[in-house]
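Trainee: I have a structure I would like to understand better, so I am pasting it below and will then ask my questions one at a time.
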Amino acid sequence: MNILLLGSGGREHAMAWRLQQSEALHKLYIAPGNAGTSELGVNLPVDVTDFEQIRHNIIEKDVQMVVVGPEQPLVDGIADFFLNDPLLQSIPVIGPTAAGARLEGSKAFAKAFMQRHQIPTARYIEVDSDNLESGLEFLRLMQPPYVLKADGLAAGKGVLIIDDLTEAEKELQLMLSGKFGLASRKVVVEEYLTGIELSAFIITDGIHYKMLPSAKDYKRIGISDTGPNTGGMGAVSPVPFGDKTFLEKVEEQIVVPTINGLRSEGILYKGFLFFGLMNVKGQPFLIEYNVRLGDPEAECILPRITTDFVELLQSTATGELNSLKLQTDDHAAVTVMLVSDGYPGEYTKGKQITGLETLTNCVAFHAGTSIDIETGTLKTNGGRVIAVTAMGYGIEEAKWLAMQNAQKIQFEGAYYRTDIADDLLNYSSL
Ligand code: AMP
Ligand code: GLY
């Protein structure tokens, strides 16, 4: 089978790596990909939101399945574009239709969906310029800190957590008047939940689903969760505080109502679904949906999913996930992300990367990398540059191996968090 994978991050390199290990794969194309994916397939210089170019390449290269990494093409309706095109109709897209992608594309839609289906989540109010007073009133009733979320996609920056009431009131008004452009013309104001966060993942064919390994990600740039938020500096899987009992509650109270809710609302969803959860004293609350795998969570969980990846996706496309047995590896996995100097602010690019050939007992997934056409050397080309994932008999061993290898990768200004997984070591029962 010929497959086209859309995206260019560490998540897509990890997906390409798993796809390439399947005997069912014939040719792999990645659009646009990175230096890592170019070693596993053919990179196509096509933007993930340029559906006409994607269509052209699919027909020309006889692609039989499309796998979508990031959310933007899903929110823009790539699955619907295929379903409405006579030549593309029969080619499965792994990823939901635009209606399903609203679970990530609109926080207000996601919260209303959770409420309609009795899914545990933080109390909230949806605010726009017509009911600002009710929004301010709600804020005054809440205890600090205050949580304000832009309704639409805002490049991961649309959530504000503010300690001071006056500042929260001011920020709410700024958001409504366009602080995040159109994305914040509507705002979700919600109750702050205190607990420990983890990410759960499923793959669904719209009727059946498989629970994938869960993970914890490390969002802040600095040691001990300090400094600004990033796309993710590392991940650990499995998560000790997301044990069997907790995950059963997640399945029963969150996953099943979500799948049933999508079906009852006539929303076609075939693909990955990411549940951002808060464990509040043993009870799961859903903070958000993402309609894709996480990054760097994908780099951490895909090495633990040993089922043939093409087969897993094919069963998803054909609605036969129930007949597939998901196989996972019991080892713990730790992922550490090497980032460019300045990230998550303005960062440097074009720095030569060395040391990858010296790595042992780990996998390195490229995120922001490219090959310099003139010299053929590997260079940095993004904020997050390379994710190193190692596996071990427990979190401690996996962490040690990941760090040993991360320090062998060199580029000017390279930085990574050395404390990934440290908070979980005492929890570890592996
Ligand atoms: P989101 O984009 O919705 O995942 O929000 C970004 C981050 O803000 C989450 O990963 C949480 O760390 C935090 N957050 C969002 N909503 C809440 C909430 N209701 N209570 C506590 N923390 C939250
Ligand atoms: N690591 C969080 C995300 O992918 O949204």
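Order determines the names: the first chain of the structure tokens is A, the second B, and so forth; residues in each chain are numbered 1 upward, and ligands are numbered 1 upward as they are shown.
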Gln72 of chain A: which residues within 12 Å, counting only C-alpha atoms, same-chain residues fewer than 6 positions away excluded, as a PyMOL selection string?
Mentor: chain A and resi 6-7+47-51+78-79+95-98+101-102+104-105+152-155+290-292
Trainee: Could you list, as a VMD selection string, all the residues within 12 Å of ligand 2, counting only C-alpha atoms and all ligand atoms?
Mentor: chain A and resid 9 to 12 69 to 71 104 153 to 157 197 to 201 215 to 220 229 to 236 273 to 277 287 to 300 335 337 384
Trainee: Based on DSSP run over this structure's backbone, return all residues of segment 227-302 of chain A in strand (DSSP E or B), as a list in words.
Mentor: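 Selecting the strand (DSSP E or B) positions of segment 227-302 of chain A gives Gly227, Pro228, Asn229, Gly234, Ala235, Val236, Ser237, Gly271, Phe272, Leu273, Phe274, Phe275, Gly276, Leu277, Met278, Asn279, Val280, Gln283, Pro284, Phe285, Leu286, Ile287, Glu288, Tyr289 and Asn290 of chain A.
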Trainee: Residues within 9 Å of Gln21 of chain A, please, as a JSON list (two decimals) with N, CA and C atoms, in the first residue's frame. Count only C-alpha atoms; anything in the same chain fewer than 6 positions from it doesn't count.
Mentor:
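out_29.json written:
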```json
[["chain", "number", "residue", "atom", "x", "y", "z"],
["A", 308, "ASP", "N", 1.25, -4.06, 14.15],
["A", 308, "ASP", "CA", 1.60, -3.54, 12.82],
["A", 308, "ASP", "C", 0.80, -2.24, 12.58],
["A", 309, "PHE", "N", 1.53, -1.16, 12.32],
["A", 309, "PHE", "CA", 0.88, 0.16, 12.30],
["A", 309, "PHE", "C", -0.02, 0.33, 11.08],
["A", 310, "VAL", "N", 0.40, -0.21, 9.94],
["A", 310, "VAL", "CA", -0.45, -0.10, 8.74],
["A", 310, "VAL", "C", -1.75, -0.88, 8.97]]
```
Trainee: Identify, with DSSP run on backbone atoms, the residues in segment 14-239 of chain A assigned to helix (DSSP H, G or I), and express the list as a PyMOL selection string.
Mentor: chain A and resi 14-20+37-39+51-60+72-75+78-83+98-105+107-116+132-141+165-176+181-184
Trainee: Taking 6 positions as the minimum chain separation for residues in the same chain, which residues sit within 9 Å of segment 252-259 of chain A when counting only C-alpha atoms? Answer as an mmCIF file with C-alpha atoms, in the first residue's frame.
Mentor:
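Saved file part.cif follows:
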```
data_model
loop_
_atom_site.group_PDB
_atom_site.id
_atom_site.type_symbol
_atom_site.label_atom_id
_atom_site.label_comp_id
_atom_site.auth_asym_id
_atom_site.auth_seq_id
_atom_site.Cartn_x
_atom_site.Cartn_y
_atom_site.Cartn_z
ATOM 1 C CA PHE A 113 -20.362 18.542 23.669
ATOM 2 C CA MET A 114 -18.995 17.378 27.042
ATOM 3 C CA HIS A 117 -22.935 13.871 27.015
ATOM 4 C CA GLN A 118 -22.399 14.225 30.777
ATOM 5 C CA ILE A 119 -18.616 14.014 30.502
ATOM 6 C CA PRO A 120 -16.886 15.268 33.677
ATOM 7 C CA ILE A 202 -7.471 6.262 21.517
ATOM 8 C CA THR A 204 -11.361 4.854 16.710
ATOM 9 C CA GLY A 206 -16.228 5.594 14.633
ATOM 10 C CA ILE A 207 -17.796 2.605 16.372
ATOM 11 C CA HIS A 208 -15.018 0.667 18.058
ATOM 12 C CA TYR A 209 -11.923 2.043 19.719
ATOM 13 C CA MET A 211 -7.086 2.585 24.219
ATOM 14 C CA TYR A 269 -14.758 10.147 13.230
ATOM 15 C CA PHE A 275 -7.932 13.382 25.878
ATOM 16 C CA PRO A 284 -10.791 12.014 35.829
ATOM 17 C CA PHE A 285 -11.865 15.383 34.407
ATOM 18 C CA LEU A 286 -11.557 16.198 30.743
#
```
Trainee: One number please: atom CA of Val339 of chain A to atom CA of Tyr416 of chain A, in Å, one decimal.
Mentor: 6.3 Å
